[in-house]
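Read the structure below first, then the notes.
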Amino acid sequence: MPAKTNHVEQLTPILEGTTVTVEERLVTVKGPKGEIVRDFSHADVGIKTVRNNILVSVEYPRSRQISLVGTILSHIKNMMLGVIHGVTYKMKVVFAHFPPTVKVEGDKLIVENFYGEKAPRRAKILPGVAVTVQGDDVILEGIDIELVGQTAANIQHSTKLRRKDPRKFHDGIYVYEKQLGERHWVI
């Protein structure tokens with residue numbers, strides 16, 4: 001059994017082209033594409049900048065606090081990558097029965113004629129996320145991975161079919177590609 005430690009800390013370098021400021025647990029990341037501010041006051045960890053690094057640490061940690069150190073560090077890395085490269089999600093409109101019409105109106109994505117329904121389905125687009133419709137593709141772009149991901153979830157949830165067998169009825173709008181910096185996923 002490993003010995004218990006009284007102190008846990010992890011470092012990550014501040015990426016070139018970004019500036020990171022920490023005031024208590026409020027982290028601000030600025031870069032060429034914009035600025036992201038995130039409040040980590042809910043976490044009982046210490047966050048500070050040391051030379052050209054971000055240091056996240058905890059004194060006398062419990063297991064939950066140890067896992068929070070890595071999680072918060074990952075959030076800050078995603079913030080830095082977002083303000084440098086941006087975040088892109090690509091979604092595909094899938095239908096087998098009725099071709100839907102997809103359009104953007106203000107802060108809503110409107111899906112008309114989905115599965116032949118008379119009433120349009122609506123999905124909320126969060127602030128800071130740009131949504132464009134190109135044929136059967138819906139492209140979401142922004143700098144905050146959490147806002148882009150939540151907008152994609154809102155769109156996918158709005159086209160969920162209820163009381164149908166999902167193995168047979170695949171109609172909906174689904175994420176098929178994600179990109180954050182050099183990280184690229186095809187789903």
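By convention here, the chains of the structure tokens are called A, B, ... in the order presented, each chain's residues are numbered starting at 1, and ligands are numbered starting at 1 in the order presented.
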Among the residues of stretch 24-174 of chain A, find those DSSP assigns to strand (DSSP E or B) from the backbone and print them as a count of residues only.
60
Within 9 Å of stretch 106-111 of chain A: each stretch 122-155 of chain A residue with its shortest pair, only C-alpha atoms, as a tab-separated table:
```
residue	atom	partner	partner_atom	distance
A:Arg122	CA	A:Ile110	CA	4.8
A:Ala123	CA	A:Leu109	CA	5.1
A:Lys124	CA	A:Lys108	CA	4.8
A:Ile125	CA	A:Asp107	CA	5.0
A:Leu126	CA	A:Asp107	CA	7.0
A:Pro127	CA	A:Asp107	CA	7.7
A:Val131	CA	A:Leu109	CA	8.3
A:Ile155	CA	A:Leu109	CA	7.4
```
Name all residues at most 9 Å from A:His7 (count only C-alpha atoms; drop same-chain ones fewer than 2 positions away) and give them as a list of chain:residue names.
A:Thr5, A:Glu9, A:Ser57, A:Val58, A:Glu59, A:Tyr60, A:Pro61
Those selected residues, please, written with C-alpha atoms and delivered as a short mmCIF file (atom, residue, chain, number, x, y, z; two decimals), in the first residue's frame.
```
data_model
loop_
_atom_site.label_atom_id
_atom_site.label_comp_id
_atom_site.auth_asym_id
_atom_site.auth_seq_id
_atom_site.Cartn_x
_atom_site.Cartn_y
_atom_site.Cartn_z
CA THR A 5 1.05 12.16 1.17
CA GLU A 9 0.31 19.11 -6.97
CA SER A 57 -2.35 21.77 -5.60
CA VAL A 58 -4.15 20.53 -2.51
CA GLU A 59 -2.99 20.12 1.10
CA TYR A 60 -4.00 17.05 3.11
CA PRO A 61 -6.03 15.63 0.23
#
```
Using only C-alpha atoms for the distances, tell me which of A:Val138, A:Ile173, A:Leu15, A:Ala152 is nearest to A:Gly82.
A:Leu15
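Residues in contact with A:Val87 at 9 Å, where only C-alpha atoms are counted and same-chain residues fewer than 6 positions away are skipped, are listed as Leu81, Leu140, Glu141, Gly142, Ile143, Asp144, Ile145, Val148, Lys178, Gln179, Leu180 and Gly181 of chain A.
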Check stretch 17-133 of chain A with DSSP on the backbone and list each residue it calls helix (DSSP H, G or I), as JSON, numbers by chain.
{"A": [63, 64, 65, 66, 67, 68, 69, 70, 71, 72, 73, 74, 75, 76, 77, 78, 79, 80, 81, 82, 83, 84, 85, 114, 115, 116]}
Given the choices A:Thr88, A:Leu68, A:Asp39, A:Ile76, which gets closest to A:Trp185 if the distance is worked out from only C-alpha atoms?
A:Thr88
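Distance annotation: of A:Gly86, A:Lys168, A:Ser63, A:Asp137, the residue with the minimal separation from A:Lys33 is A:Gly86; atom set is only C-alpha atoms.
For A:Phe40, the residues within 9 Å (counting only C-alpha atoms, excluding itself and residues fewer than 6 positions away along the chain) are Glu24, Arg25, Leu26, Val27, Ile47 and Ile72 of chain A.
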Take the residues from that selection and write them out as a short mmCIF file (atom, residue, chain, number, x, y, z; two decimals), in the first residue's frame, keeping N, CA and C atoms.
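Result file follows (part_7.cif):
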```cif
data_model
loop_
_atom_site.label_atom_id
_atom_site.label_comp_id
_atom_site.auth_asym_id
_atom_site.auth_seq_id
_atom_site.Cartn_x
_atom_site.Cartn_y
_atom_site.Cartn_z
N GLU A 24 -7.55 34.26 -6.80
CA GLU A 24 -8.11 33.23 -5.92
C GLU A 24 -8.38 32.00 -6.78
N ARG A 25 -9.62 31.66 -7.08
CA ARG A 25 -9.90 30.50 -7.93
C ARG A 25 -10.62 30.90 -9.21
N LEU A 26 -10.51 32.16 -9.60
CA LEU A 26 -11.09 32.65 -10.84
C LEU A 26 -9.98 32.70 -11.89
N VAL A 27 -10.09 31.85 -12.92
CA VAL A 27 -9.05 31.72 -13.94
C VAL A 27 -9.51 32.42 -15.21
N ILE A 47 -4.92 27.19 -6.90
CA ILE A 47 -4.53 27.40 -8.30
C ILE A 47 -3.67 28.66 -8.34
N ILE A 72 -9.25 19.85 -12.95
CA ILE A 72 -9.14 21.31 -13.11
C ILE A 72 -8.00 21.65 -14.06
#
```
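Take the candidates A:Leu147, A:Ile187, A:Val22, A:Ile66 and check each one against A:Met91 using only C-alpha atoms; the shortest distance goes to A:Ile187.
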List the spatial neighbours of A:Ile14 as a ChimeraX atom specification - criterion: any atom at most 8 Å away, only C-alpha atoms, same-chain residues fewer than 3 positions off excluded.
/A:18-20,52-54,80
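The smallest atom-to-atom distance between A:Thr28 and any of A:Val94, A:Val69, A:Lys48, A:His85, using only C-alpha atoms, is found for A:Lys48.
Residue nearest A:Gly135, chosen from A:His170, A:Gln156, A:Pro99, A:Glu117 and counting only C-alpha atoms: A:Pro99.
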I'd like the interatomic distance between atom CA of A:Val50 and atom CA of A:Gly17, to a tenth of an Å.
17.0 Å
